[in-house]
Amino acid sequence: MTRHLPWIALALVGAGSLGVVATMRGEPVNALWIVAAAVSVYLVAYRYYALFISNKVLGIDPSRPTPAVRRADGLDYVATDRRVLFGHHFAAIAGAGPLVGPVLAAQMGYLPGTLWILAGVVLAGAVQDFMILFISMRRDGKSLGELVRMEMGAIPGTIALVGAFMIMVIILAVLALIVVRALAESPWGLFTVVATVPLAMVMGAYTRWIRPGAIGEVSVIGFIGLIAAIIFGQSVAESATWAPIFTLTPVQLCFGLIAYGAIASLLPVWLLLAPRDYLSTFLKIGAIAALAIGIVVLAPPLRMPALTQFAFTGTGPVWAGPLFPFLFITIACGSVSGFHALISSGTTPKLIASEGDAPFIGYGAMLMESAVAIMALIAASILDPGIYFAMNAPAAITGGDPATAAAAITAMGFPVSAETLATTAREVGETTIVSRAGGAPTLAVAMAEIFSNVLGGPGMKAFWYHFAILFEALFILTAVDAGTRSGRFMLQDLLGLVSPRFKETSSFVPGLIATLICVGAWGFFLYQGVTDPLGGVNTLWPLFGISNQMLAAVALMLATVVLVRMKRERFAWVTVVPAAWLVLCTGTAGLMKLFHPDPKVGFLAHAQVFSDAVARGELLKPAASMGEMSRIVFNDRIDAALCALFLVVVAAILFYTVRTCRAALRLPRPSVTEIPPALEVAR
Amino acid sequence: MSMLGRLAQTARLMVGMPDYDAYCRHMAEHHPDAAPMTRAAFFRDRQQARYGSGGGRCC
């Protein structure tokens with residue numbers, strides 16, 4: 001009993017902090033209360049729930065050889081120190097997702113987001129990551145698609161693969177859109193990001209020919225180059241000749257990115273992708289650590305209310321729709337992210353040294369990512385709410401300039417003056433911050449605020465802002481490049497089912513065709529988002545959220561099937577509860593996006609409004625011609641079709657889950673297809 | 001292993017580069033007749049393996 005006492009004390013600290021966060025009204029709450037609540041929840045959840053899942057639910061057996069032991073080859077299968085592997089796994093799962101979702105969710109106040117991030121990670125996200133890692137680890141490190149095929153059959157396996165491809169397309173479009181929103185009309189930002197391309201190529205050449213393998217050395221060189229690019233970017237932005245060249249409209253930037261995606265993903269990996277990944281990975285880890293230190297040192301008060309009126313009305317300007325279900329799809333990464341199921345069944349299970357390490361890596365790394373999401377939520381909430389809403393409301397609401405934006409946002413109940421908006425923009429070295437939706441610029445303003453307070457003073461704000469933008473743009477571009485490649489291979493896999501020629505991943509023509517289809521697919525959604533009067537994030541982020549949570553539901557359903565087939569169905573609630581919640585959220589959100597009568601929420605209602613207007617021969621803002629009107633209708637219908645497709649995927653996997661579980665329950669003994677321990681070291 | 005060594009190893013594995021010494025140990029133990037790849041060849045091989053298929057990263 002005494003060994004539980006410190007944990008009970010910690011639980012009380014967590015409950016107390018959460019109580020403060022939840023009940024304080026009227027006076028500002030310090031961000032550290034959220035930090036204290038989060039850390040206590042994570043530690044207690046890890047100590048009790050992760051170990052319960054490990055010992056009771058899964059029956060983790062540290063003496064059972066892992067793939068890294070059984071198939072050791074020094075290359076793909078290497079038994080790795082658990083701390084080292086934790087870093088690898090965390091770096092693979094943490095991307096832009098946990099930084100953007102919480103910023104968007106802050107429109108409802110910091111409380112709903114905080115509660116969902118904490119509850120979601122403990123009961124759903126970390127459970128999913130850990131269970132998929134476990135399932136893959138017991139099957140030679142097979143991938144999610146193969147796991148579904150092994151445990152549920154070929155058809156659900158293919159359905160899961162189609163779902164994963166569509167998610168990839170939407171993720172790439174939404175990530176690229178964030179970059180467009182952050183870099184459009186921003187010569188300083190665009191210059192620094194463009195400068196990373198030749199910089200990465202120099203690094204690539206260095207590691208290829210001059211000092212092969214010197215990753216640390218070349219990263220230091222690259223980092224110095226990055227800092228130089230940021231500093232020099234200011235001169236570019238102030239130069240009369242250079243600034244116009246790097247000032248692009250969103251549409252120009254959109255086509256630039258599409259061309260970039262196509263070319264970059266066909267280049268040899270050592271030239272651009274690998275060296276830029278070194279930079280973006282280390283910068284990401286460094287920036288996350290710096291943000292954590294900054295928040296703790298500065299201990300800023302939260303200026304966003306705990307709950308805004310939008311939590312009740314569902315009419316927020318950043319994204320439309322009521323708290324249920326839309327909050328739960330807006331914050332995906334950080335609470336539960338289906339994409340992690342692809343990572344947990346990727347390289348990590350091949351590197352794990354002992355089954356006993358699985359809870360630390362699977363459950364623990366996800367808790368860490370959740371902490372990143374909490375920091376992003378805090379960052380968005382320490383800003384003046386007026387600035388937050390002016391930055392994140394679409395141009396259709398703000399009118400695009402400080403004066404109209406200040407009036408519109410003040411009318412919403414968040415008083416802000418045009419001077420404040422203009423001054424904030426000037427301080428961060430931009431011409432405007434109005435309607436820079438997508439989360440990244442908001443986070444950059446908050447990071448500039450925190451960093452400049454800790455280091456360098458107000459004079460450094462512009463530098464830190466562009467540092468933050470660069471850090472986000474850098475890893476998003478890496479993700480676009482790498483994602484286009486994986487999308488291409490997924491597509492070749494799928495097309496290979498129809499025409500075997502496509503399976504040859506090494507030959508050029510099928511690869512080129514698959515790449516172009518993939519770029520065309522995300523480029524279509526990107527263009528649609530860029531030209532969307534509501535800023536695009538409004539349309540694309542819910543689609544991304546639905547698809548990502550849908551994949552999480554699929555992963556948790558797979559975990560349920562495995563538990564039942566292991567004859568551990570008395571513990572199936574561990575995965576059934578979060579899977580049911582996600583099916584409920586994605587199902588409701590999907591149906592609402594399809595059929596909701598409010599054109600701000602429902603795609604079909606929106607299409608109806610515009611097609612009715614076309615029939616009357618009437619132009620509706622923001623369309624400038626009848627052609628644009630028809631395109632809006634067409635886009636809406638594509639989005640609706642995609643939404644319907646996601647719903648079909650969830651329904652189909654649910655059907656196969658129930659069927660497989662019922663068949664397994666009828667059998668007297670376990671029926672899972674694990675690699676038996678008897679096969680150990682035989683090979 | 002020293003703290004610094006482990007940090008370096010963590011940083012390298014974060015970008016998908018496994019430990020070369022561990023690879024050499026594995027080769028010496030299990031395939032003593034085969035010549036292990038040089039450090040440069042090992043680097044190129046692993047770089048292609050990680051990025052060639054595109055995967056390995058989240059949103």
# chains A, B, ... in the order shown; residues from 1 in each chain; ligands from 1
call {"tool": "interface_residues", "arguments": {"of": "chain B", "to": "chain A", "cutoff": "8 Å", "atoms": "only C-alpha atoms", "output": "PyMOL selection string"}}
result
chain B and resi 6-7+9-16+18+22-24+26-27+39-40+43-44+46-48+51-59
call {"tool": "select_by_dssp", "arguments": {"residues": "stretch 361-417 of chain A", "states": "alpha helix (DSSP H)", "output": "short mmCIF file (atom, residue, chain, number, x, y, z; two decimals) with N, CA and C atoms, in the first residue's frame"}}
result
data_model
loop_
_atom_site.label_atom_id
_atom_site.label_comp_id
_atom_site.auth_asym_id
_atom_site.auth_seq_id
_atom_site.Cartn_x
_atom_site.Cartn_y
_atom_site.Cartn_z
N GLY A 364 4.21 5.66 -23.64
CA GLY A 364 4.96 6.82 -23.14
C GLY A 364 5.19 7.89 -24.20
N ALA A 365 5.59 7.50 -25.40
CA ALA A 365 5.88 8.50 -26.43
C ALA A 365 4.62 9.26 -26.81
N MET A 366 3.47 8.58 -26.76
CA MET A 366 2.23 9.27 -27.09
C MET A 366 1.88 10.28 -26.00
N LEU A 367 2.18 9.96 -24.74
CA LEU A 367 1.95 10.93 -23.67
C LEU A 367 2.78 12.18 -23.93
N MET A 368 4.00 11.94 -24.40
CA MET A 368 4.90 13.06 -24.69
C MET A 368 4.33 13.93 -25.82
N GLU A 369 3.78 13.28 -26.84
CA GLU A 369 3.18 14.06 -27.93
C GLU A 369 1.98 14.85 -27.41
N SER A 370 1.24 14.23 -26.50
CA SER A 370 0.11 14.93 -25.92
C SER A 370 0.58 16.19 -25.19
N ALA A 371 1.74 16.08 -24.54
CA ALA A 371 2.30 17.26 -23.86
C ALA A 371 2.59 18.37 -24.87
N VAL A 372 3.04 17.98 -26.07
CA VAL A 372 3.27 18.98 -27.12
C VAL A 372 1.97 19.68 -27.48
N ALA A 373 0.89 18.89 -27.58
CA ALA A 373 -0.42 19.48 -27.90
C ALA A 373 -0.86 20.44 -26.80
N ILE A 374 -0.62 20.06 -25.55
CA ILE A 374 -0.98 20.93 -24.42
C ILE A 374 -0.21 22.26 -24.53
N MET A 375 1.06 22.17 -24.91
CA MET A 375 1.86 23.39 -25.04
C MET A 375 1.31 24.28 -26.15
N ALA A 376 0.89 23.67 -27.25
CA ALA A 376 0.33 24.46 -28.35
C ALA A 376 -0.95 25.15 -27.90
N LEU A 377 -1.75 24.42 -27.13
CA LEU A 377 -3.00 25.00 -26.63
C LEU A 377 -2.70 26.17 -25.69
N ILE A 378 -1.70 25.98 -24.84
CA ILE A 378 -1.31 27.07 -23.93
C ILE A 378 -0.82 28.26 -24.74
N ALA A 379 0.01 27.99 -25.75
CA ALA A 379 0.56 29.08 -26.56
C ALA A 379 -0.56 29.90 -27.19
N ALA A 380 -1.56 29.21 -27.74
CA ALA A 380 -2.67 29.94 -28.37
C ALA A 380 -3.47 30.72 -27.34
N SER A 381 -3.53 30.19 -26.11
CA SER A 381 -4.38 30.80 -25.09
C SER A 381 -3.71 31.94 -24.34
N ILE A 382 -2.39 32.10 -24.46
CA ILE A 382 -1.75 33.23 -23.78
C ILE A 382 -1.82 34.49 -24.63
N PRO A 385 -7.05 37.34 -26.90
CA PRO A 385 -8.06 36.65 -27.72
C PRO A 385 -8.43 37.45 -28.97
N GLY A 386 -8.38 38.77 -28.87
CA GLY A 386 -8.68 39.60 -30.05
C GLY A 386 -7.70 39.30 -31.18
N ILE A 387 -6.41 39.19 -30.83
CA ILE A 387 -5.40 38.88 -31.84
C ILE A 387 -5.63 37.47 -32.37
N TYR A 388 -5.92 36.54 -31.44
CA TYR A 388 -6.15 35.15 -31.87
C TYR A 388 -7.25 35.08 -32.92
N PHE A 389 -8.39 35.74 -32.62
CA PHE A 389 -9.52 35.63 -33.56
C PHE A 389 -9.25 36.42 -34.85
N ALA A 390 -8.57 37.55 -34.76
CA ALA A 390 -8.26 38.30 -35.97
C ALA A 390 -7.36 37.49 -36.89
N MET A 391 -6.44 36.70 -36.29
CA MET A 391 -5.53 35.90 -37.11
C MET A 391 -6.23 34.70 -37.71
N ASN A 392 -7.18 34.12 -36.97
CA ASN A 392 -7.73 32.83 -37.39
C ASN A 392 -9.09 32.91 -38.08
N ALA A 395 -10.97 35.67 -44.12
CA ALA A 395 -11.08 37.02 -44.68
C ALA A 395 -12.53 37.42 -44.93
N ALA A 396 -13.39 36.43 -45.16
CA ALA A 396 -14.80 36.74 -45.39
C ALA A 396 -15.40 37.43 -44.16
N ILE A 397 -14.83 37.18 -42.98
CA ILE A 397 -15.33 37.81 -41.76
C ILE A 397 -14.53 39.07 -41.41
N THR A 398 -13.19 38.97 -41.52
CA THR A 398 -12.36 40.09 -41.08
C THR A 398 -12.26 41.21 -42.11
N PRO A 402 -6.63 45.55 -40.91
CA PRO A 402 -6.71 45.71 -39.46
C PRO A 402 -7.98 46.44 -39.00
N ALA A 403 -8.39 47.49 -39.73
CA ALA A 403 -9.53 48.27 -39.26
C ALA A 403 -10.82 47.45 -39.28
N THR A 404 -11.10 46.80 -40.44
CA THR A 404 -12.33 46.01 -40.52
C THR A 404 -12.25 44.80 -39.59
N ALA A 405 -11.04 44.21 -39.50
CA ALA A 405 -10.88 43.04 -38.64
C ALA A 405 -11.15 43.42 -37.19
N ALA A 406 -10.57 44.56 -36.74
CA ALA A 406 -10.76 44.99 -35.35
C ALA A 406 -12.23 45.20 -35.07
N ALA A 407 -12.94 45.81 -36.01
CA ALA A 407 -14.37 46.04 -35.81
C ALA A 407 -15.12 44.72 -35.72
N ALA A 408 -14.82 43.78 -36.64
CA ALA A 408 -15.55 42.51 -36.67
C ALA A 408 -15.29 41.69 -35.41
N ILE A 409 -14.01 41.65 -34.99
CA ILE A 409 -13.66 40.82 -33.83
C ILE A 409 -14.19 41.45 -32.54
N THR A 410 -14.13 42.78 -32.47
CA THR A 410 -14.68 43.46 -31.28
C THR A 410 -16.17 43.18 -31.18
N ALA A 411 -16.85 43.18 -32.34
CA ALA A 411 -18.29 42.90 -32.34
C ALA A 411 -18.59 41.50 -31.85
#
call {"tool": "residues_around", "arguments": {"residues": "A:Phe610", "least_positions_apart": "5", "cutoff": "8 Å", "atoms": "only C-alpha atoms", "output": "list of chain:residue names"}}
result
A:Leu620, A:Met629, A:Ser630, A:Ile632, A:Val633
call {"tool": "closest_residue", "arguments": {"among": "A:Leu43, A:Leu477, A:Val57, A:Val148", "to": "A:Thr196", "atoms": "only C-alpha atoms"}}
result
A:Leu477
call {"tool": "atom_distance", "arguments": {"atom1": "atom CA of A:Phe312", "atom2": "atom CA of A:Gly400"}}
result
26.8 Å
call {"tool": "atom_distance", "arguments": {"atom1": "atom CA of A:Trp188", "atom2": "atom CA of A:Pro441"}}
result
13.3 Å
call {"tool": "atom_distance", "arguments": {"atom1": "atom CA of A:Leu5", "atom2": "atom CA of A:Lys56"}}
result
22.1 Å
call {"tool": "closest_residue", "arguments": {"among": "A:Met137, A:Ile224, A:Phe165, A:Ala514", "to": "A:Ala68", "atoms": "only C-alpha atoms"}}
result
A:Met137
call {"tool": "decode", "arguments": {"residues": "stretch 4-46 of chain B", "atoms": "N, CA and C atoms", "output": "mmCIF file, in the first residue's frame"}}
result
data_model
loop_
_atom_site.group_PDB
_atom_site.id
_atom_site.type_symbol
_atom_site.label_atom_id
_atom_site.label_comp_id
_atom_site.auth_asym_id
_atom_site.auth_seq_id
_atom_site.Cartn_x
_atom_site.Cartn_y
_atom_site.Cartn_z
ATOM 1 N N LEU B 4 26.611 10.947 -23.391
ATOM 2 C CA LEU B 4 26.786 11.687 -24.645
ATOM 3 C C LEU B 4 26.646 10.748 -25.847
ATOM 4 N N GLY B 5 27.243 9.565 -25.692
ATOM 5 C CA GLY B 5 27.162 8.578 -26.765
ATOM 6 C C GLY B 5 25.732 8.184 -27.046
ATOM 7 N N ARG B 6 24.967 8.035 -25.941
ATOM 8 C CA ARG B 6 23.582 7.625 -26.118
ATOM 9 C C ARG B 6 22.768 8.743 -26.781
ATOM 10 N N LEU B 7 23.075 9.979 -26.391
ATOM 11 C CA LEU B 7 22.377 11.111 -27.018
ATOM 12 C C LEU B 7 22.649 11.149 -28.523
ATOM 13 N N ALA B 8 23.919 10.956 -28.873
ATOM 14 C CA ALA B 8 24.284 10.979 -30.293
ATOM 15 C C ALA B 8 23.570 9.861 -31.028
ATOM 16 N N GLN B 9 23.525 8.692 -30.380
ATOM 17 C CA GLN B 9 22.861 7.551 -31.007
ATOM 18 C C GLN B 9 21.368 7.833 -31.173
ATOM 19 N N THR B 10 20.765 8.475 -30.162
ATOM 20 C CA THR B 10 19.348 8.830 -30.246
ATOM 21 C C THR B 10 19.106 9.780 -31.410
ATOM 22 N N ALA B 11 19.970 10.807 -31.496
ATOM 23 C CA ALA B 11 19.801 11.793 -32.563
ATOM 24 C C ALA B 11 19.908 11.118 -33.929
ATOM 25 N N ARG B 12 20.846 10.196 -34.059
ATOM 26 C CA ARG B 12 21.020 9.531 -35.353
ATOM 27 C C ARG B 12 19.821 8.642 -35.679
ATOM 28 N N LEU B 13 19.327 7.934 -34.662
ATOM 29 C CA LEU B 13 18.186 7.052 -34.932
ATOM 30 C C LEU B 13 16.918 7.856 -35.217
ATOM 31 N N MET B 14 16.851 9.088 -34.687
ATOM 32 C CA MET B 14 15.699 9.937 -34.978
ATOM 33 C C MET B 14 15.583 10.193 -36.475
ATOM 34 N N VAL B 15 16.710 10.229 -37.166
ATOM 35 C CA VAL B 15 16.658 10.396 -38.611
ATOM 36 C C VAL B 15 16.936 9.060 -39.302
ATOM 37 N N GLY B 16 16.640 7.976 -38.578
ATOM 38 C CA GLY B 16 16.636 6.662 -39.202
ATOM 39 C C GLY B 16 17.988 6.017 -39.423
ATOM 40 N N MET B 17 19.021 6.516 -38.731
ATOM 41 C CA MET B 17 20.339 5.945 -38.966
ATOM 42 C C MET B 17 20.700 5.020 -37.799
ATOM 43 N N PRO B 18 20.683 3.680 -38.016
ATOM 44 C CA PRO B 18 21.030 2.786 -36.914
ATOM 45 C C PRO B 18 22.527 2.855 -36.609
ATOM 46 N N ASP B 19 22.901 2.185 -35.511
ATOM 47 C CA ASP B 19 24.270 2.262 -35.016
ATOM 48 C C ASP B 19 25.209 1.409 -35.876
ATOM 49 N N TYR B 20 26.275 2.032 -36.398
ATOM 50 C CA TYR B 20 27.206 1.297 -37.270
ATOM 51 C C TYR B 20 27.982 0.248 -36.484
ATOM 52 N N ASP B 21 28.394 0.606 -35.266
ATOM 53 C CA ASP B 21 29.171 -0.343 -34.457
ATOM 54 C C ASP B 21 28.348 -1.590 -34.146
ATOM 55 N N ALA B 22 27.051 -1.381 -33.861
ATOM 56 C CA ALA B 22 26.191 -2.531 -33.577
ATOM 57 C C ALA B 22 26.096 -3.421 -34.817
ATOM 58 N N TYR B 23 26.036 -2.777 -35.976
ATOM 59 C CA TYR B 23 25.990 -3.540 -37.230
ATOM 60 C C TYR B 23 27.261 -4.368 -37.399
ATOM 61 N N CYS B 24 28.410 -3.742 -37.139
ATOM 62 C CA CYS B 24 29.681 -4.459 -37.282
ATOM 63 C C CYS B 24 29.753 -5.631 -36.303
ATOM 64 N N ARG B 25 29.284 -5.376 -35.067
ATOM 65 C CA ARG B 25 29.263 -6.455 -34.067
ATOM 66 C C ARG B 25 28.404 -7.612 -34.560
ATOM 67 N N HIS B 26 27.232 -7.269 -35.118
ATOM 68 C CA HIS B 26 26.328 -8.299 -35.606
ATOM 69 C C HIS B 26 26.997 -9.107 -36.713
ATOM 70 N N MET B 27 27.654 -8.409 -37.638
ATOM 71 C CA MET B 27 28.302 -9.099 -38.755
ATOM 72 C C MET B 27 29.416 -10.018 -38.244
ATOM 73 N N ALA B 28 30.205 -9.517 -37.284
ATOM 74 C CA ALA B 28 31.319 -10.315 -36.766
ATOM 75 C C ALA B 28 30.796 -11.566 -36.069
ATOM 76 N N GLU B 29 29.668 -11.418 -35.368
ATOM 77 C CA GLU B 29 29.130 -12.524 -34.590
ATOM 78 C C GLU B 29 28.457 -13.571 -35.475
ATOM 79 N N HIS B 30 27.637 -13.091 -36.427
ATOM 80 C CA HIS B 30 26.787 -14.022 -37.174
ATOM 81 C C HIS B 30 27.290 -14.329 -38.575
ATOM 82 N N HIS B 31 27.984 -13.410 -39.180
ATOM 83 C CA HIS B 31 28.472 -13.671 -40.544
ATOM 84 C C HIS B 31 29.957 -13.339 -40.624
ATOM 85 N N PRO B 32 30.789 -14.097 -39.889
ATOM 86 C CA PRO B 32 32.218 -13.731 -39.827
ATOM 87 C C PRO B 32 32.919 -13.801 -41.181
ATOM 88 N N ASP B 33 32.357 -14.562 -42.137
ATOM 89 C CA ASP B 33 33.045 -14.674 -43.435
ATOM 90 C C ASP B 33 32.681 -13.527 -44.372
ATOM 91 N N ALA B 34 31.529 -12.895 -44.151
ATOM 92 C CA ALA B 34 31.129 -11.813 -45.066
ATOM 93 C C ALA B 34 31.794 -10.507 -44.637
ATOM 94 N N ALA B 35 32.203 -9.719 -45.625
ATOM 95 C CA ALA B 35 32.803 -8.416 -45.308
ATOM 96 C C ALA B 35 31.689 -7.421 -45.020
ATOM 97 N N PRO B 36 31.723 -6.752 -43.870
ATOM 98 C CA PRO B 36 30.678 -5.768 -43.594
ATOM 99 C C PRO B 36 30.828 -4.557 -44.508
ATOM 100 N N MET B 37 29.717 -3.843 -44.691
ATOM 101 C CA MET B 37 29.776 -2.611 -45.484
ATOM 102 C C MET B 37 30.684 -1.605 -44.786
ATOM 103 N N THR B 38 31.311 -0.751 -45.579
ATOM 104 C CA THR B 38 32.076 0.339 -44.960
ATOM 105 C C THR B 38 31.094 1.319 -44.335
ATOM 106 N N ARG B 39 31.620 2.231 -43.524
ATOM 107 C CA ARG B 39 30.760 3.215 -42.861
ATOM 108 C C ARG B 39 29.977 4.027 -43.898
ATOM 109 N N ALA B 40 30.660 4.412 -44.982
ATOM 110 C CA ALA B 40 29.993 5.230 -46.007
ATOM 111 C C ALA B 40 28.913 4.433 -46.727
ATOM 112 N N ALA B 41 29.220 3.176 -47.049
ATOM 113 C CA ALA B 41 28.237 2.346 -47.749
ATOM 114 C C ALA B 41 27.037 2.085 -46.843
ATOM 115 N N PHE B 42 27.334 1.849 -45.559
ATOM 116 C CA PHE B 42 26.276 1.619 -44.577
ATOM 117 C C PHE B 42 25.349 2.838 -44.511
ATOM 118 N N PHE B 43 25.960 4.020 -44.475
ATOM 119 C CA PHE B 43 25.191 5.270 -44.418
ATOM 120 C C PHE B 43 24.263 5.391 -45.628
ATOM 121 N N ARG B 44 24.821 5.147 -46.811
ATOM 122 C CA ARG B 44 24.010 5.277 -48.031
ATOM 123 C C ARG B 44 22.886 4.246 -48.069
ATOM 124 N N ASP B 45 23.227 3.031 -47.670
ATOM 125 C CA ASP B 45 22.236 1.964 -47.673
ATOM 126 C C ASP B 45 21.065 2.309 -46.764
ATOM 127 N N ARG B 46 21.374 2.772 -45.562
ATOM 128 C CA ARG B 46 20.318 3.085 -44.587
ATOM 129 C C ARG B 46 19.528 4.326 -44.995
#
